[in-house]
Amino acid sequence: MTVYVKGVVFEGVDFDDPNSWKIDAYIKRGGYAALKKILQEGITQDAIIAEMKASALRGRGGAGFPTGLKWSFMPRSFPGQKYLVCNTDEGEPGTFKDLDIIVNNPHALIEGMIIGGFAMGISVGYNYIHGEVFEAYQRFEAALEEARAAGFLGERILGTDFSFQLHGHHGYGAYICGEETALLESLEGKKGQPRFKPPFPASFGLYGKPTTINNTETFASVPYIIREGGQKFLELGKPNNGGTKLFSVSGHVNRPGNYEIPLGTPFSELLEMCGGMRGGKKLKAVIPGGSSAPVLPADIMMQCTMDYDSIAKAGSMLGSGAVIVMDETTCMVKALERLSYFYFEESCGQCTPCREGTGWLYRVVHRIEHGQGRAEDLDLLLSVGANIAGRTICALGDAAVMPVQGMLKHFRAEFEHHIEHKNCVAPGY
Amino acid sequence: MAATRLLSDDARKEIDRELAKYPAEQRRSATMSALRIAQVEHRWLTNELIEEVAEYIGIAPVAVYEVATFYNMFDREPVGRHKITVCTNLPCALSGGADAGKYLQQKLGIGYGETTADGRFTLKEGECMGACGYAPVLLMNNHSMCKHMTPEAIDKKLAELE
C-alpha cells in the first residue's frame with residue numbers, strides 16, 4: 001500500500017490506475033517539464049547544483065548526505081567518461097520505498113537522473129536494481145523505452161547537444177551491494193565486496209572513472225526541485241531537513257505501507273496515519289530507520305518528529321526511513337536474534353572483524369534466546385561489537401553492531417531475564 | 001566451442017542485449033545477467049553452464065564462478081520446478097513471515113533448503129526482499145513476487161503450480 005499525503009515523489013500518481021506509471025500520465029502531471037525547462041531556457045549546470053543545495057535535500061538511501069554538495073564533488077571538467085549510478089539495491093530490512101517508486105512513478109527517477117547527468121556533465125548512467133524485485137526491473141526497462149521513444153533519453157535530447165544513455169542493471173541477491181562501492185564492483189561483474197575509501201567514487205568509481213551515486217528517492221525528488229525551486233522543496237520540510245520523505249512502515253500497525261509526508265512530522269501522527277497499532281495493542285518499541293538503526297522505546301519514540309535531526313538526537317538514525325513498529329508482545333531477544341542472523345548471513349567475508357564478529361554476535365544472541373545464555377554474555381556482546389565497529393572497510397560491520405547496542409541500552413533487563421529464567425518476558429515474535 | 005551447446009539461441013540473444021548496455025571492453029559487467037538468463041533456461045547452474053557463459057562473454061570461468069557463488073539467488077545445486085523463497089526477516093516476521101515459512105514446511109513436508117520427492121517444490125528461507133509492507137512475501141522462481149501470503153493464499157498458489 002502506498003499512501004500519498006503530501007510530497008514530491010508521488011504527487012499526482014493515481015495508485016488505482018494501472019497506467020499511471022506510463023509516460024503520458026507522467027507528462028500530464030507535470031513530468032519532464034523540469035528537463036524541458038533546463039534545456040530550452042539554457043539553465044546552467046551551476047544553477048542546477050545551486051538549486052539542489054538550496055533545497056537541503058539529503059540523500060534518501062540512509063546516510064543523509066546533502067545531495068547538492070555531492071553533485072558539486074563531481075569533477076565536471078574531467079575529460080574522459082564519467083558515470084551516474086542510481087542505487088536501487090534496496091535490501092535494508094524494513095525498507096520498501098524504492099520498489100514502489102519504480103513500479104508507480106519510474107519516470108520521476110528517470111527524469112531526475114537525466115537532469116543529474118546534465119548538471120554533472122555525465123553521458124552514461126546505470127540503475128542497479130535489487131535482485132528480488134525482478135518485476136520492478138522490467139517496469140524500469142519498459143519506462144526507459146518510453147523515454148527513449150519520446151526523445152527525452154538517448155542521443156541529442158530534445159534536439160540539443162546533450163546526450164544521455166541510461167540502463168537498468170539487475171542484481172541477484174546480496175545485501176552488501178547496497179553499499180556504494182560494493183555496488184560498483186557488482187556493476188563491473190564481480191563479487192560485491194566494498195572498496196577502500198578513499199579514493200571516493202567521485203574520483204575513482206565505475207570502471208575507475210569519476211562516478212556519482214544517489215538513491216532512487218533522491219533522484220525522484222529532483223524534477224520537483226527544478227520545477228518548483230529549491231526553496232519551495234525546503235519549506236515542505238524543516239531547516240536542514242528539506243522536503244518530504246517516504247517512510248516505509250512495517251510491523252505491528254493496522255496499515256503497513258509507504259507514507260510520503262513532510263520531514264518533521266511527529267511520529268505519533270505517522271502512527272495514526274497507519275491506522276494505529278494492530279489489535280489495539282500497546283506500542284513497545286520502534287526501529288526508526290531500517291534494521292541497522294538502534295531501536296528506540298515507545299516513550300522516546302512518541303516524542304520524536306520524523307526527520308534526520310530529531311531521530312539522531314534521540315540516539316538513533318533516520319536511515320532509509322524504514323520504520324519497524326513492535327508491540328508489547330514482541331520479544332526483543334528474538335527480534336535481535338533474527339536481525340543478527342541477517343548480518344551474519346550477509347557479511348561479504350572480506351574483513352575479519354565483520355566476517356567472524358557477526359557470527360559471534362548471532363551465536364551469543366541465539367543461545368540467550370534458546371535458554372543457554374550465560375551471565376557474562378551481555379558484556380561479551382558489547383565487547384565483540386566494539387571489536388567490529390570502526391574496524392572494517394564498509395559500514396556493514398557497524399550496521400551489525402548498532403542493533404545490539406540499541407537493544408542492550410534500552411532493553412537490557414529483558415535480556416537478563418532471558419539468561420536468568422531461560423524464558424521470554426513477551427510471548428510474541 | 002564447448003562440445004555440447006547448452007545455451008539456446010534465444011538465451012544468447014538476450015545476453016547480447018545485456019552486453020550492449022556496457023562499454024565494449026567491459027563485457028564482464030553482463031556476467032550477472034548472463035547467469036540469470038542461463039539459470040532461467042536450465043533451472044540451476046552446473047559447472048558446464050558456467051563455463052559456457054564464461055566462454056560466451058569472453059572471460060575466465062573462475063570470474064563467472066565467483067559471481068555464481070557470491071549472489072544468493074543463483075542455484076548451484078538442483079532445485080525443484082518451483083523454487084519458493086520465503087522472507088523471514090524481522091519486519092516480515094512481525095506480520096506473519098515466519099509463520100508462512102512454517103506453514104509451507106508443514107504443507108510440503110520439507111525443511112528449508114530441501115526439495116519435495118516429486119521434484120515439484122524447493123523451499124528456501126530468504127533475506128530481505130525489499131517488500132516488507134506486503135508481508136508475508138514469497139518469491140517464486142526468483143522473479144515473481146507474491147504478496148500478503150496468508151495460509152489460504154498459499155494453498156491457492158500451490159494448487160496453481162504443476
# chains A, B, ... in the order shown; residues from 1 in each chain; ligands from 1

call {"tool": "closest_atom_pairs", "arguments": {"of": "chain B", "to": "chain A", "cutoff": "6 Å", "atoms": "only C-alpha atoms", "output": "JSON lines"}}
result
{"residue": "B:Arg28", "atom": "CA", "partner": "A:Gly189", "partner_atom": "CA", "distance": 5.2}
{"residue": "B:Ser29", "atom": "CA", "partner": "A:Gly189", "partner_atom": "CA", "distance": 4.0}
{"residue": "B:Thr31", "atom": "CA", "partner": "A:Gly189", "partner_atom": "CA", "distance": 5.4}
{"residue": "B:Val67", "atom": "CA", "partner": "A:Lys191", "partner_atom": "CA", "distance": 5.4}
{"residue": "B:Tyr71", "atom": "CA", "partner": "A:Gly173", "partner_atom": "CA", "distance": 5.2}
{"residue": "B:Asn72", "atom": "CA", "partner": "A:Gly173", "partner_atom": "CA", "distance": 5.1}
{"residue": "B:Met73", "atom": "CA", "partner": "A:Gly173", "partner_atom": "CA", "distance": 5.3}
{"residue": "B:Pro91", "atom": "CA", "partner": "A:Gly251", "partner_atom": "CA", "distance": 5.4}
{"residue": "B:Leu94", "atom": "CA", "partner": "A:Gly251", "partner_atom": "CA", "distance": 5.0}
{"residue": "B:Ser95", "atom": "CA", "partner": "A:Gly251", "partner_atom": "CA", "distance": 5.8}
{"residue": "B:Cys128", "atom": "CA", "partner": "A:Pro93", "partner_atom": "CA", "distance": 5.4}
{"residue": "B:Met129", "atom": "CA", "partner": "A:Glu132", "partner_atom": "CA", "distance": 5.3}
{"residue": "B:Gly130", "atom": "CA", "partner": "A:Phe96", "partner_atom": "CA", "distance": 4.6}
{"residue": "B:Ala131", "atom": "CA", "partner": "A:Phe96", "partner_atom": "CA", "distance": 5.0}
{"residue": "B:Cys132", "atom": "CA", "partner": "A:Gly94", "partner_atom": "CA", "distance": 5.7}
{"residue": "B:Gly133", "atom": "CA", "partner": "A:Gly257", "partner_atom": "CA", "distance": 4.9}
{"residue": "B:His143", "atom": "CA", "partner": "A:Phe134", "partner_atom": "CA", "distance": 5.1}

call {"tool": "select_by_dssp", "arguments": {"residues": "chain B", "states": "alpha helix (DSSP H)", "output": "NGL selection string"}}
result
:B and (9-19 or 31-42 or 47-57 or 61-70 or 90-93 or 97-108 or 151-160)

call {"tool": "residues_around", "arguments": {"residues": "A:His421", "least_positions_apart": "2", "cutoff": "12 Å", "atoms": "only C-alpha atoms", "output": "number ranges by chain"}}
result
A: 368-375, 413-419, 423-425

call {"tool": "write_last_selection", "arguments": {"atoms": "C-alpha atoms", "output": "tab-separated table (two decimals), in the first residue's frame"}}
result
chain	number	residue	atom	x	y	z
A	368	ILE	CA	20.39	-16.43	25.06
A	369	GLU	CA	17.12	-16.82	23.15
A	370	HIS	CA	17.33	-20.60	23.49
A	371	GLY	CA	17.84	-20.65	27.26
A	372	GLN	CA	21.57	-21.24	27.21
A	373	GLY	CA	22.73	-17.70	27.92
A	374	ARG	CA	25.48	-17.06	30.44
A	375	ALA	CA	25.77	-14.19	32.90
A	413	ALA	CA	16.55	-6.15	31.65
A	414	GLU	CA	14.73	-8.32	29.13
A	415	PHE	CA	17.98	-9.97	28.09
A	416	GLU	CA	18.95	-10.51	31.74
A	417	HIS	CA	15.57	-12.12	32.37
A	418	HIS	CA	16.20	-14.50	29.49
A	419	ILE	CA	19.58	-15.51	30.85
A	423	ASN	CA	12.24	-17.84	29.04
A	424	CYS	CA	10.70	-14.79	27.35
A	425	VAL	CA	9.15	-11.78	29.04

call {"tool": "atom_distance", "arguments": {"atom1": "atom CA of B:Gly109", "atom2": "atom CA of B:Leu138"}}
result
17.5 Å

call {"tool": "residues_around", "arguments": {"residues": "B:Gly96", "least_positions_apart": "4", "cutoff": "10 Å", "atoms": "only C-alpha atoms", "output": "number ranges by chain"}}
result
A: 251, 429; B: 87-88, 90-92, 100-102, 135-137, 148-151

call {"tool": "write_last_selection", "arguments": {"atoms": "C-alpha atoms", "output": "tab-separated table (two decimals), in the first residue's frame"}}
result
chain	number	residue	atom	x	y	z
A	251	GLY	CA	5.36	-4.48	11.67
A	429	TYR	CA	7.75	-12.77	17.91
B	87	CYS	CA	11.26	-13.89	3.68
B	88	THR	CA	11.51	-14.50	7.43
B	90	LEU	CA	12.14	-9.29	11.30
B	91	PRO	CA	9.79	-6.81	9.57
B	92	CYS	CA	8.10	-9.68	7.70
B	100	ALA	CA	4.21	-18.55	6.40
B	101	GLY	CA	7.56	-20.36	6.31
B	102	LYS	CA	6.41	-22.84	8.96
B	135	ALA	CA	4.33	-9.35	4.26
B	136	PRO	CA	4.13	-12.29	4.23
B	137	VAL	CA	6.07	-12.31	0.97
B	148	HIS	CA	0.14	-10.95	1.54
B	149	MET	CA	0.58	-14.74	1.54
B	150	THR	CA	-1.78	-15.95	4.25
B	151	PRO	CA	-2.25	-19.74	4.60

call {"tool": "atom_distance", "arguments": {"atom1": "atom CA of A:Glu217", "atom2": "atom CA of A:Leu35"}}
result
17.5 Å

call {"tool": "residues_around", "arguments": {"residues": "A:Trp21", "least_positions_apart": "4", "cutoff": "10 Å", "atoms": "only C-alpha atoms", "output": "list in words"}}
result
Val13, Asp14, Phe15, Asp17, Ala25, Tyr26, Ile101, Ile102, Val103, Asn104, Asn105, Pro106, His107, Ala108, Arg139 and Ala143 of chain A

call {"tool": "residues_around", "arguments": {"residues": "B:Thr115", "least_positions_apart": "6", "cutoff": "6 Å", "atoms": "only C-alpha atoms", "output": "PDB file with all heavy atoms, in the first residue's frame"}}
result
ATOM      1  N   GLY B  80      13.770 -27.748  -7.411  1.00  0.00           N
ATOM      2  CA  GLY B  80      12.518 -28.243  -7.969  1.00  0.00           C
ATOM      3  C   GLY B  80      11.991 -27.312  -9.058  1.00  0.00           C
ATOM      4  O   GLY B  80      12.559 -26.254  -9.327  1.00  0.00           O
ATOM      5  N   PHE B 121       8.646 -28.911  -5.721  1.00  0.00           N
ATOM      6  CA  PHE B 121       8.929 -27.680  -4.965  1.00  0.00           C
ATOM      7  C   PHE B 121      10.271 -27.731  -4.238  1.00  0.00           C
ATOM      8  O   PHE B 121      10.638 -28.766  -3.675  1.00  0.00           O
ATOM      9  CB  PHE B 121       7.854 -27.446  -3.905  1.00  0.00           C
ATOM     10  CG  PHE B 121       6.488 -27.179  -4.478  1.00  0.00           C
ATOM     11  CD1 PHE B 121       5.481 -28.136  -4.345  1.00  0.00           C
ATOM     12  CD2 PHE B 121       6.210 -25.989  -5.135  1.00  0.00           C
ATOM     13  CE1 PHE B 121       4.217 -27.903  -4.866  1.00  0.00           C
ATOM     14  CE2 PHE B 121       4.949 -25.748  -5.650  1.00  0.00           C
ATOM     15  CZ  PHE B 121       3.943 -26.713  -5.519  1.00  0.00           C
ATOM     16  N   THR B 122      10.956 -26.595  -4.242  1.00  0.00           N
ATOM     17  CA  THR B 122      12.100 -26.376  -3.357  1.00  0.00           C
ATOM     18  C   THR B 122      11.730 -25.211  -2.461  1.00  0.00           C
ATOM     19  O   THR B 122      11.141 -24.228  -2.932  1.00  0.00           O
ATOM     20  CB  THR B 122      13.372 -26.037  -4.162  1.00  0.00           C
ATOM     21  OG1 THR B 122      13.705 -27.160  -4.964  1.00  0.00           O
ATOM     22  CG2 THR B 122      14.543 -25.713  -3.242  1.00  0.00           C
TER      23      THR B 122
END

call {"tool": "residues_around", "arguments": {"residues": "A:Ser72", "least_positions_apart": "3", "cutoff": "12 Å", "atoms": "only C-alpha atoms", "output": "PyMOL selection string"}}
result
chain A and resi 45-53+66-69+75-77+116+119-121+202+211-212

call {"tool": "atom_distance", "arguments": {"atom1": "atom CA of A:Gly112", "atom2": "atom CA of A:Val222"}}
result
5.0 Å

call {"tool": "select_by_dssp", "arguments": {"residues": "stretch 27-181 of chain A", "states": "strand (DSSP E)", "output": "ChimeraX atom specification"}}
result
/A:83-88,124-129,165-170
